[in-house]
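Inspection log for the structure reproduced underneath, given as structure tokens.
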Amino acid sequence: MRPARRPAARTGWTAAVKDALDRPLTTYYLLLGATALLLTIGLIMVLSASSVYAYRETGDSYTVVRRQLMWVALGIPCAFIASRVPIPWVRRLTYPAFAVSLALLGATAFMGVEINGNKNWLVLGPIQVQPSEIAKLSLVIWASHIYAVKERRLGRLNEMLVPVVPGMALATGLVVVGRDLGTALVFFALAVAMLWIVGAPGRLFALALAGVSVLALALAATSPTRLARIATFADPFKDYHGTGWQPAHGLYAMASGGVFGEGIGASQQKWGQLPEAHTDFIFAVLGEELGLVGTLLVVGLFFVLAYAGIRVARETTQPFVRYCSFGIVTWLLVQMMINVGMVLALLPVIGIPLPLVSYGGSSLLPTLAALGLLIGFARREPAAERALKQRRRARSAGVSARG
């Protein structure tokens with residue numbers, strides 16, 4: 001008689017992955033690791049993509065990356081503080097942050113500095129900021145706070161809509177006045193995501209999609225440059241020496257990178273052919289130097305952030321944490337997709353940075369603060385909190401034993 005077959009032991013790699021994902025601190029470490037890797041890749045790529053531009057403008061190849069290092073040095077403490085601030089304190093800041101963001105957006109719409117056809121920069125003394133980047137974070141925490149307060153009343157449509165939809169529509173309108181179509185799309189995605197997570201009916205999304213399509217076409221029609229970009233984005237080579245120049249050279253960069261890339265610093269397109277190589281089109285330089293492997297790594301890291309953020313939203317018992325986590329994930333993922341879509345000529349060039357990778361403090365600081373909040377939510381999960389306390393006690397015991 002043959003012995004009964006024993007069940008297979010959980011020794012395969014799939015079992016190991018499942019065990020790792022089931023650990024209480026997995027979400028926390030996924031967020032920390034993906035953020036750190038994207039930030040590191042971003043610094044390397046800013047150094048490479050900006051070196052020629054910086055030398056041509058200032059005579060020093062390291063001018064731009066030094067500024068980015070300064071923003072990182074400011075952003076990491078911001079992320080740390082955001083991860084440690086108690087949630088009630090964050091919620092107390094929602095209305096002041098929202099009001100300040102609207103004021104800055106209003107000032108930008110009417111007194112802002114126009115760059116590349118978009119009036120989305122505001123001069124505040126010696127610095128120039130992009131208030132729409134700050135507004136993304138304030139809109140997320142403001143809407144999350146309101147929906148958390150209304151948690152028991154969200155079965156009614158009017159409670160879902162007011163005041164979140166009018167508030168976001170006002171912010172979007174101020175951005176549209178400045179002709180910043182990319183940020184307007186991110187604001188719209190945030191509004192749709194927040195309505196979806198609170199259970200808004202499907203017909204509302206169909207109506208919203210129709211409305212934003214009409215608005216996008218109207219906005220494009222008011223700008224001949226933007227209209228030309230939209231008309232030629234599917235085939236940038238139709239107007240190669242005009243509106244197709246930037247996306248065409250972005251495609252050249254991506255194509256020449258192949259699977260493994262030309263190597264760090266070996267990009268040819270950054271020598272003047274590719275405009276905004278270290279900002280909106282840094283993904284093209286990344287594709288040229290690191291190849292398909294590098295681009296998939298970066299996109300994969302954004303999906304790791306999204307996966308970890310959704311885990312936080314799914315496992316929490318606090319409505320504010322659920323809504324805020326989902327809002328932050330939507331913001332970063334949609335912005336990444338728009339930026340990558342621009343570079344791959346799947347979307348028109350509408351000028352939006354790649355989070356954590358592109359150069360710029362106005363984008364980096366709010367993004368790191370948002371990820372700091374998300375990391376704080378993950379470390380406050382009951383199982384994660386217990387695991388961290390046990391580690392601290394074990395570390396203290398080890399120090400005492402050695403002493």
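Ligands are numbered from 1 in the order shown, chains are lettered A, B, ... in the order of the structure tokens, and residues start at 1 in each chain.
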
_Test item: residues at most 7 Å from stretch 367-376 of chain A, only C-alpha atoms, excluding those fewer than 2 positions along its chain, as an MDAnalysis selection string_ = chainID A and resid 28 31 75:76 78:80 82:84 137 309 325 328 355 363:365 378:380

Which neighbours of A:Ser362 fall inside 10 Å, counting only C-alpha atoms, when residues of the same chain fewer than 5 positions from it are skipped, and could you give them as a JSON list (two decimals) with N, CA, C and O atoms, in the first residue's frame?
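In the end it all went to out.json:
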[["chain", "number", "residue", "atom", "x", "y", "z"],
["A", 71, "TRP", "N", 16.24, 70.64, -2.25],
["A", 71, "TRP", "CA", 14.82, 70.34, -2.07],
["A", 71, "TRP", "C", 14.63, 69.00, -1.38],
["A", 71, "TRP", "O", 13.74, 68.85, -0.53],
["A", 121, "TRP", "N", 2.85, 79.63, -12.29],
["A", 121, "TRP", "CA", 3.93, 79.95, -11.35],
["A", 121, "TRP", "C", 3.64, 81.28, -10.67],
["A", 121, "TRP", "O", 3.14, 82.21, -11.29],
["A", 128, "GLN", "N", 10.15, 81.19, -6.56],
["A", 128, "GLN", "CA", 9.05, 81.01, -7.51],
["A", 128, "GLN", "C", 8.43, 79.65, -7.25],
["A", 128, "GLN", "O", 9.11, 78.63, -7.29],
["A", 129, "VAL", "N", 7.14, 79.62, -6.95],
["A", 129, "VAL", "CA", 6.47, 78.38, -6.58],
["A", 129, "VAL", "C", 5.33, 78.07, -7.54],
["A", 129, "VAL", "O", 4.85, 78.95, -8.26],
["A", 130, "GLN", "N", 4.89, 76.83, -7.50],
["A", 130, "GLN", "CA", 3.77, 76.37, -8.31],
["A", 130, "GLN", "C", 2.64, 75.96, -7.35],
["A", 130, "GLN", "O", 2.60, 74.82, -6.88],
["A", 131, "PRO", "N", 1.72, 76.89, -7.03],
["A", 131, "PRO", "CA", 0.71, 76.61, -6.01],
["A", 131, "PRO", "C", -0.18, 75.42, -6.31],
["A", 131, "PRO", "O", -0.72, 74.80, -5.40],
["A", 132, "SER", "N", -0.36, 75.08, -7.59],
["A", 132, "SER", "CA", -1.23, 73.95, -7.92],
["A", 132, "SER", "C", -0.69, 72.64, -7.35],
["A", 132, "SER", "O", -1.46, 71.72, -7.05],
["A", 133, "GLU", "N", 0.65, 72.52, -7.18],
["A", 133, "GLU", "CA", 1.22, 71.32, -6.59],
["A", 133, "GLU", "C", 0.86, 71.23, -5.11],
["A", 133, "GLU", "O", 0.56, 70.15, -4.60],
["A", 134, "ILE", "N", 0.90, 72.36, -4.42],
["A", 134, "ILE", "CA", 0.52, 72.39, -3.01],
["A", 134, "ILE", "C", -0.96, 72.09, -2.88],
["A", 134, "ILE", "O", -1.40, 71.40, -1.94],
["A", 367, "THR", "N", 4.71, 66.23, -2.56],
["A", 367, "THR", "CA", 4.68, 64.79, -2.80],
["A", 367, "THR", "C", 5.30, 64.03, -1.63],
["A", 367, "THR", "O", 4.75, 63.03, -1.15]]

*Which neighbours of stretch 205-215 of chain A fall inside 9 Å, counting only C-alpha atoms, when residues of the same chain fewer than 5 positions from it are skipped, and could you give them as a VMD selection string?*
chain A and resid 185 188 192 195 to 196 200 220

*Contacts of stretch 138-143 of chain A at 6 Å or less, counting only C-alpha atoms, minus same-chain residues fewer than 2 places along, as a ChimeraX atom specification?*
/A:94,97-98,135-136,145-146,164,324,327

Once you have the residues from the selection above, write them out as an mmCIF file, in the first residue's frame, restricted to all heavy atoms.
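Result file is part07.cif:
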data_model
loop_
_atom_site.group_PDB
_atom_site.id
_atom_site.type_symbol
_atom_site.label_atom_id
_atom_site.label_comp_id
_atom_site.auth_asym_id
_atom_site.auth_seq_id
_atom_site.Cartn_x
_atom_site.Cartn_y
_atom_site.Cartn_z
ATOM 1 N N THR A 94 -7.026 71.193 7.780
ATOM 2 C CA THR A 94 -7.634 71.030 6.462
ATOM 3 C C THR A 94 -8.219 72.327 5.911
ATOM 4 O O THR A 94 -7.934 72.702 4.771
ATOM 5 C CB THR A 94 -8.720 69.944 6.506
ATOM 6 O OG1 THR A 94 -9.653 70.250 7.548
ATOM 7 C CG2 THR A 94 -8.123 68.579 6.749
ATOM 8 N N ALA A 97 -5.492 75.026 5.218
ATOM 9 C CA ALA A 97 -4.699 74.640 4.041
ATOM 10 C C ALA A 97 -5.490 74.830 2.759
ATOM 11 O O ALA A 97 -4.961 75.316 1.745
ATOM 12 C CB ALA A 97 -4.242 73.182 4.170
ATOM 13 N N PHE A 98 -6.772 74.481 2.793
ATOM 14 C CA PHE A 98 -7.617 74.636 1.616
ATOM 15 C C PHE A 98 -7.781 76.117 1.257
ATOM 16 O O PHE A 98 -7.684 76.498 0.085
ATOM 17 C CB PHE A 98 -8.979 73.996 1.878
ATOM 18 C CG PHE A 98 -9.946 74.113 0.737
ATOM 19 C CD1 PHE A 98 -9.711 73.466 -0.464
ATOM 20 C CD2 PHE A 98 -11.098 74.873 0.855
ATOM 21 C CE1 PHE A 98 -10.604 73.575 -1.526
ATOM 22 C CE2 PHE A 98 -11.994 74.986 -0.189
ATOM 23 C CZ PHE A 98 -11.748 74.337 -1.386
ATOM 24 N N ALA A 135 -1.764 72.590 -3.813
ATOM 25 C CA ALA A 135 -3.214 72.421 -3.757
ATOM 26 C C ALA A 135 -3.616 70.949 -3.871
ATOM 27 O O ALA A 135 -4.650 70.555 -3.325
ATOM 28 C CB ALA A 135 -3.879 73.234 -4.865
ATOM 29 N N LYS A 136 -2.838 70.134 -4.574
ATOM 30 C CA LYS A 136 -3.190 68.711 -4.703
ATOM 31 C C LYS A 136 -3.277 68.052 -3.332
ATOM 32 O O LYS A 136 -4.237 67.321 -3.033
ATOM 33 C CB LYS A 136 -2.164 67.990 -5.573
ATOM 34 C CG LYS A 136 -2.193 68.406 -7.041
ATOM 35 C CD LYS A 136 -1.002 67.853 -7.802
ATOM 36 C CE LYS A 136 -0.949 68.410 -9.219
ATOM 37 N NZ LYS A 136 0.280 68.046 -9.939
ATOM 38 N N HIS A 145 -11.330 64.867 5.043
ATOM 39 C CA HIS A 145 -11.867 65.307 6.333
ATOM 40 C C HIS A 145 -13.391 65.472 6.257
ATOM 41 O O HIS A 145 -14.121 65.021 7.146
ATOM 42 C CB HIS A 145 -11.207 66.616 6.749
ATOM 43 C CG HIS A 145 -11.833 67.256 7.948
ATOM 44 N ND1 HIS A 145 -11.695 66.747 9.212
ATOM 45 C CD2 HIS A 145 -12.623 68.367 8.059
ATOM 46 C CE1 HIS A 145 -12.364 67.515 10.075
ATOM 47 N NE2 HIS A 145 -12.931 68.498 9.393
ATOM 48 N N ILE A 146 -13.861 66.106 5.203
ATOM 49 C CA ILE A 146 -15.306 66.334 5.064
ATOM 50 C C ILE A 146 -16.051 65.010 4.965
ATOM 51 O O ILE A 146 -17.071 64.796 5.634
ATOM 52 C CB ILE A 146 -15.587 67.221 3.839
ATOM 53 C CG1 ILE A 146 -15.115 68.651 4.115
ATOM 54 C CG2 ILE A 146 -17.075 67.232 3.497
ATOM 55 C CD1 ILE A 146 -15.176 69.562 2.927
ATOM 56 N N VAL A 164 -17.736 69.231 -1.345
ATOM 57 C CA VAL A 164 -16.497 68.752 -1.963
ATOM 58 C C VAL A 164 -16.446 69.083 -3.451
ATOM 59 O O VAL A 164 -15.450 69.632 -3.947
ATOM 60 C CB VAL A 164 -16.325 67.236 -1.735
ATOM 61 C CG1 VAL A 164 -15.171 66.689 -2.573
ATOM 62 C CG2 VAL A 164 -16.074 66.949 -0.262
ATOM 63 N N CYS A 324 -8.095 59.537 2.609
ATOM 64 C CA CYS A 324 -6.843 60.251 2.326
ATOM 65 C C CYS A 324 -5.848 59.341 1.609
ATOM 66 O O CYS A 324 -5.181 59.757 0.655
ATOM 67 C CB CYS A 324 -6.253 60.775 3.632
ATOM 68 S SG CYS A 324 -4.947 61.985 3.409
ATOM 69 N N GLY A 327 -6.945 58.957 -1.965
ATOM 70 C CA GLY A 327 -6.724 60.195 -2.704
ATOM 71 C C GLY A 327 -5.268 60.397 -3.086
ATOM 72 O O GLY A 327 -4.955 60.791 -4.217
#

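Residue neighbourhood of A:Ala34, excluding near-sequence residues (fewer than 2 positions): Tyr29, Leu30, Leu31, Leu32, Ala36, Leu37, Leu38, Leu39, Thr40, Val298, Gly300, Leu301, Phe302, Phe303, Val304, Leu305 and Ala308 of chain A, at 10 Å, using only C-alpha atoms.
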
Those selected residues, please, written with N, CA, C and O atoms and delivered as a compact mmCIF listing (two decimals), in the first residue's frame.
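File result-v7.txt, as written:
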# COMPACT_ATOMS: atom_id res chain seq x y z
N TYR A 29 7.14 49.08 5.03
CA TYR A 29 8.43 48.97 4.34
C TYR A 29 8.29 49.12 2.83
O TYR A 29 9.21 49.62 2.17
N LEU A 30 7.17 48.68 2.27
CA LEU A 30 6.95 48.90 0.84
C LEU A 30 6.91 50.38 0.52
O LEU A 30 7.50 50.84 -0.47
N LEU A 31 6.20 51.15 1.34
CA LEU A 31 6.12 52.60 1.12
C LEU A 31 7.49 53.26 1.29
O LEU A 31 7.90 54.08 0.46
N LEU A 32 8.19 52.90 2.35
CA LEU A 32 9.52 53.48 2.58
C LEU A 32 10.48 53.12 1.45
O LEU A 32 11.19 53.98 0.92
N ALA A 36 12.07 55.73 -1.30
CA ALA A 36 13.52 55.95 -1.29
C ALA A 36 14.13 55.62 -2.65
O ALA A 36 15.01 56.37 -3.14
N LEU A 37 13.69 54.53 -3.28
CA LEU A 37 14.24 54.16 -4.59
C LEU A 37 13.88 55.19 -5.66
O LEU A 37 14.74 55.58 -6.47
N LEU A 38 12.64 55.63 -5.67
CA LEU A 38 12.23 56.64 -6.67
C LEU A 38 12.99 57.94 -6.46
O LEU A 38 13.40 58.60 -7.42
N LEU A 39 13.18 58.32 -5.21
CA LEU A 39 13.92 59.55 -4.92
C LEU A 39 15.38 59.43 -5.37
O LEU A 39 15.95 60.37 -5.94
N THR A 40 15.97 58.28 -5.13
CA THR A 40 17.37 58.06 -5.54
C THR A 40 17.50 58.06 -7.06
O THR A 40 18.40 58.70 -7.63
N VAL A 298 10.76 51.95 -12.77
CA VAL A 298 10.16 53.17 -12.23
C VAL A 298 8.63 53.05 -12.20
O VAL A 298 7.99 53.35 -11.18
N GLY A 300 6.93 50.31 -12.15
CA GLY A 300 6.62 49.29 -11.15
C GLY A 300 6.67 49.84 -9.73
O GLY A 300 5.84 49.48 -8.88
N LEU A 301 7.61 50.73 -9.44
CA LEU A 301 7.71 51.33 -8.10
C LEU A 301 6.48 52.19 -7.80
O LEU A 301 6.01 52.23 -6.65
N PHE A 302 5.96 52.88 -8.80
CA PHE A 302 4.72 53.64 -8.59
C PHE A 302 3.55 52.70 -8.28
O PHE A 302 2.71 53.01 -7.42
N PHE A 303 3.51 51.56 -8.94
CA PHE A 303 2.44 50.60 -8.65
C PHE A 303 2.64 49.95 -7.28
O PHE A 303 1.66 49.57 -6.63
N VAL A 304 3.88 49.83 -6.83
CA VAL A 304 4.13 49.36 -5.46
C VAL A 304 3.56 50.37 -4.46
O VAL A 304 2.90 49.99 -3.48
N LEU A 305 3.81 51.67 -4.70
CA LEU A 305 3.22 52.71 -3.84
C LEU A 305 1.70 52.61 -3.85
O LEU A 305 1.06 52.72 -2.79
N ALA A 308 0.56 49.51 -1.87
CA ALA A 308 0.70 49.71 -0.42
C ALA A 308 -0.34 50.70 0.09
O ALA A 308 -0.92 50.51 1.17

*Using only C-alpha atoms, which residue out of A:Pro86, A:Gly361, A:Gly257, A:Gly178 lies closest to A:Thr108?*
A:Gly178

Using only C-alpha atoms, what does the table of stretch 3-110 of chain A residues within 12 Å of stretch 384-399 of chain A look like, with each row giving the shortest atom pair and its distance in Å to one decimal, sorted by chain and ascending number, as JSON lines?
{"residue": "A:Asp22", "atom": "CA", "partner": "A:Ala384", "partner_atom": "CA", "distance": 11.2}
{"residue": "A:Arg23", "atom": "CA", "partner": "A:Ala384", "partner_atom": "CA", "distance": 8.6}
{"residue": "A:Pro24", "atom": "CA", "partner": "A:Ala384", "partner_atom": "CA", "distance": 4.9}
{"residue": "A:Leu25", "atom": "CA", "partner": "A:Ala384", "partner_atom": "CA", "distance": 5.1}
{"residue": "A:Thr26", "atom": "CA", "partner": "A:Ala384", "partner_atom": "CA", "distance": 8.5}
{"residue": "A:Thr27", "atom": "CA", "partner": "A:Ala384", "partner_atom": "CA", "distance": 8.7}
{"residue": "A:Tyr28", "atom": "CA", "partner": "A:Ala384", "partner_atom": "CA", "distance": 7.8}
{"residue": "A:Tyr29", "atom": "CA", "partner": "A:Ala384", "partner_atom": "CA", "distance": 10.4}

*Suppose you want the space between atom CA of A:Val90 and atom CA of A:Phe320; what is it in Å?*
10.2 Å

*Would you give me, as an NGL selection string, the residues in stretch 224-330 of chain A that DSSP reads as alpha helix (DSSP H)?*
:A and (224-232 or 245-257 or 282-315 or 319-330)

*asked:* Ranking A:Phe260, A:Tyr323, A:Tyr240, A:Trp271 by minimum distance to A:Glu289 and counting only C-alpha atoms, which one comes first?
replied: A:Phe260

*Can you tell me, as an MDAnalysis selection string, what residues are no more than 9 Å from A:Pro319 when counting only C-alpha atoms, ignoring any on the same chain fewer than 5 positions away?*
chainID A and resid 144:145 147:149 151 313 324

*Could you pull the residues within 9 Å of A:Thr183, counting only C-alpha atoms, minus those fewer than 3 positions along the same chain, as a PyMOL selection string?*
chain A and resi 132-133+136+172+175-176+180+186-188+335+350-352

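Among the candidates A:Leu344, A:Glu57, A:Asp239, A:Arg179, the residue lying nearest to A:Thr295 is A:Leu344 (atoms considered: only C-alpha atoms).
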
*Just give me the gap between atom CA of A:Ile282 and atom CA of A:Leu251 in Å, one decimal is fine.*
12.2 Å

_Quick check for you: according to DSSP on this backbone, which residues of stretch 55-238 of chain A are classed as strand (DSSP E)? Reply as JSON, numbers by chain._
{"A": [113, 114, 115, 118, 119, 120, 121, 122, 123, 124, 127, 128, 129]}

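Atom to atom, atom CA of A:Leu154 and atom CA of A:Val198 stand 6.8 Å apart.
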